[in-house]
Amino acid sequence: MDSLVFLIPLAILFGVVALWIFFWSLKSDQYEDLDGAAERILLDDEDDASPPRV
Amino acid sequence: MTCCAVDAAAAARPLQAPVSREELELASRDLGDGVRQVDLAVPAVHCADCIRKIERGLAALPGVTHARVNLSTRRVSVKWTGADVPPLLETLDGLGYAAHLFDAGESDRDPQLAWLLRALAVAGFSSMNIMLLSVSVWSGAEPGTRQAFHWISAVLALPALFYSGQVFFGSAWNALRHGRTNMDVPISIGVLLAFGMSVYDTYQNGPHAYFDAATSLLFFLLIGRVFDHMMRERARQAVSGLVRLAPRGAAVLRADGSRDYLPLAEIEPGMTLMVAAGDRIPVDGVVATGQSELDCSVVSGESLPQPVAEGSSLKAGMLNLTGPLTMTVVARSADSFLAEMVRLMEVAEGGKARYRRLADRAAQLYSPVIHATALLSFVGWLVATGDWHQAITIAIAVLIVTCPCALGLAVPIVQVVAARRLFENGIMVKDGSAMERMAEIDSVAFDKTGTLTLGRLRLDEDAAIDPAAARIAAALAATSNHPASRAIADRFGGNPAGIVFTRVTELPGQGIEAVARDGAVYRLGRVGWAALTDVSDGAGTVLGRDGRVLARFAFHDDLRPDAREAVTALRQQGLSPLMLSGDQLPAVARVAAELGIGDYTAAMLPADKLARIEALARDGHRTLMVGDGLNDSPVLAAAHVSMAPATAADIGRKAADFVFLRPGLGAVPLALAVSKEAGKLIRQNFGISILYNLIALPIAIAGFVTPLVAALAMSLSSIVVVANALRLRAGRGGQTKPEAPGAAAVTTTPETAAPEARAAGRG
């Protein structure tokens, strides 16, 4: 019973954190282009070769 | 790298009006601080390399501050600063990606989907945490722990109830306020009562609480909602990403000779407009100066180009083919042909609005039964035992068990699977009700030009043409973009003999003139201009040398691939196809004979087509209309269900329930087959749900449903329904399929003869 007192709040806290991360990812447009995200990992980093952006 | 086969570019109309910088600027949005943004559809993007090429290529342009490709929607969004529009389309074209403006209307973002996803996430969070606690309660937690767990569950259920639940409560409240009932009413009542009762029970230190049932019900049902929404959204985006055929503005020629590019809404009657070759006529008008030929296929359904000269009247939507024209505006955009079609469409839309979705009709029958059963169980138990609390608990158990996720998922899950299957085959469906309506049809009406045919001219095969003349004609034709020229060049393979002319000129509305090295003047074009002949056999295209006829060419419009198979397949299903065309009788009769369509009408005006479909509807027929032109859009809106190719006019695409992206007409029987099978699976799913109720209801009424039983029953029935939906067979393997039927179809279309003919032409 004693262990439950902190284990359960801890479990719920983890859940809340996961929920918050999902909301954040939704808000920062991470679901806008799922196909593109899968392909973009094949690209080199922009700063290597791309022309300077104005 | 293998490319994705499905894209609209393959099906796009061959001759597209070029987008001017002015039009691009009109289409862009002002973001403030001198920054403008425009979104372009780039259908050919398919891999990481494409993304890099496009983003770097565009970012290197002066003024461009941001270029980002969205691979899912095949779009690129570009921001730039400065007064001048960067040459975006030209740059993309140079990189090998054809880009075009599309009907933006609303922005890319979809607030509704984001809201549903958030609701789903919250419901998932609540239900899973509660379920974890419930499992320990079910496995026999001691009373003290159970009590604590129930209170925690109650708190955890709050966000699911008040945040995620709004999706259902809102819709249920709306239905009730209008005196109707839908599936959301029993769901809302069940969830709210279960929650209230469980709080009371927990307060009374009772052994059972239904927090888990209430929240997982919301969670499962939200999954169905999200799928349903994503399906429609995907179709909407795919369709709105297609090429925009109507221009956004026009170049106005002022009295002082200066030119302005004005948006359509600001164009007034009396103004003079410039229409370059390759542009669409923006508003109704009359030719002021110039000669040209117009492709009227979208407007009237006529397959052959129509010559125009000073004084000819022009309708918005026609495509100017050969020469530049100046025209005098006679009607504002809002009074033009296009607008007239929109008005006809609005009047005609009744048929679809009257249709009620299957799920709603089921709910109409089902929810009173649920409510009555729950009420009767309550009254029955109250009379039998006199125990209020037990009577209410049992009534709630009945509500929860009888409005299971199975019923909420029964329809959407099948429609999502079916839409996915159609999507793999290059067919977009606007919403689930379109498939339900499709499954009910008993007649099919086709437009001709652009629907049964490709709307592209092809040389008649039967005419015997002297090979030497054919080579000269092909060499001349290769220099021109006129549809007839391209048909000749296609047939004889361009300029294989490498014939060189010293001077080639194209005269709008007449033809091509060229001087050969030996001084002979060749003309390819209209009878009477290219060569003087006995005028008795009127129209047609001839090749003349110094005014003497060398060869004659006659044209027809090519059938779409699979057209014959599609018509045969429909007939085998007992549907007799009919053809409604605005084209002239000979062309219509010819296509009808080729396809074996007995019932056809030629030279129909849009209102005639509409009247015909409405007459069919009055006789109790449910008609599928397949059409593409502006003149078809009222009929597309009026028919019970409608389909349009991706090349259809913008408003036609919007009016149609299905849009097919590939050129083959096999899409029509396929959409029908998938819709029918989806209908069958939906009925099976209803059957499963009812069977489940027949088993679960007595148990619930008898009072044996504990939260554990409710959770098990709910999950099991959902899984069965989803698994059943996945059995959908029609159109399976669509991604690899197009080659096979396409190749088979070629053997029956005139295209087959082309390779041999080409070889013959060379030899």
# chains A, B, ... in the order shown; residues from 1 in each chain; ligands from 1
call {"tool": "interface_residues", "arguments": {"of": "chain A", "to": "chain B", "cutoff": "6 Å", "atoms": "only C-alpha atoms", "output": "PyMOL selection string"}}
result
chain A and resi 33+35-36+39-40+54
call {"tool": "select_by_dssp", "arguments": {"residues": "region 345-478 of chain B", "states": "strand (DSSP E)", "output": "PyMOL selection string"}}
result
chain B and resi 427-429+443-446+453-459
call {"tool": "atom_distance", "arguments": {"atom1": "CA of Ser216 (chain B)", "atom2": "CA of Lys27 (chain A)"}}
result
24.9 Å
call {"tool": "residues_around", "arguments": {"residues": "region 378-385 of chain B", "least_positions_apart": "6", "cutoff": "9 Å", "atoms": "only C-alpha atoms", "output": "PDB file with N, CA, C and O atoms, in the first residue's frame"}}
result
ATOM      1  N   ALA B 391     -31.850  -0.922 -10.055  1.00  0.00           N
ATOM      2  CA  ALA B 391     -32.568  -0.685 -11.317  1.00  0.00           C
ATOM      3  C   ALA B 391     -31.781   0.267 -12.210  1.00  0.00           C
ATOM      4  O   ALA B 391     -31.617   0.028 -13.409  1.00  0.00           O
ATOM      5  N   ILE B 392     -31.246   1.332 -11.601  1.00  0.00           N
ATOM      6  CA  ILE B 392     -30.485   2.294 -12.412  1.00  0.00           C
ATOM      7  C   ILE B 392     -29.204   1.659 -12.933  1.00  0.00           C
ATOM      8  O   ILE B 392     -28.851   1.798 -14.102  1.00  0.00           O
ATOM      9  N   THR B 393     -28.500   0.909 -12.077  1.00  0.00           N
ATOM     10  CA  THR B 393     -27.265   0.258 -12.502  1.00  0.00           C
ATOM     11  C   THR B 393     -27.510  -0.637 -13.706  1.00  0.00           C
ATOM     12  O   THR B 393     -26.746  -0.630 -14.676  1.00  0.00           O
ATOM     13  N   ILE B 394     -28.596  -1.392 -13.647  1.00  0.00           N
ATOM     14  CA  ILE B 394     -28.874  -2.312 -14.742  1.00  0.00           C
ATOM     15  C   ILE B 394     -29.252  -1.547 -16.002  1.00  0.00           C
ATOM     16  O   ILE B 394     -28.816  -1.879 -17.116  1.00  0.00           O
ATOM     17  N   ALA B 395     -30.024  -0.476 -15.847  1.00  0.00           N
ATOM     18  CA  ALA B 395     -30.381   0.328 -17.017  1.00  0.00           C
ATOM     19  C   ALA B 395     -29.137   0.884 -17.684  1.00  0.00           C
ATOM     20  O   ALA B 395     -29.011   0.885 -18.908  1.00  0.00           O
ATOM     21  N   ILE B 396     -28.169   1.317 -16.877  1.00  0.00           N
ATOM     22  CA  ILE B 396     -26.918   1.846 -17.436  1.00  0.00           C
ATOM     23  C   ILE B 396     -26.139   0.752 -18.136  1.00  0.00           C
ATOM     24  O   ILE B 396     -25.604   0.934 -19.233  1.00  0.00           O
ATOM     25  N   ILE B 701     -29.822  -7.271 -19.119  1.00  0.00           N
ATOM     26  CA  ILE B 701     -31.123  -7.105 -18.479  1.00  0.00           C
ATOM     27  C   ILE B 701     -31.208  -7.967 -17.226  1.00  0.00           C
ATOM     28  O   ILE B 701     -31.768  -7.571 -16.207  1.00  0.00           O
TER      29      ILE B 701
END
call {"tool": "atom_distance", "arguments": {"atom1": "CA of Ala27 (chain B)", "atom2": "CA of Asp431 (chain B)"}}
result
28.1 Å
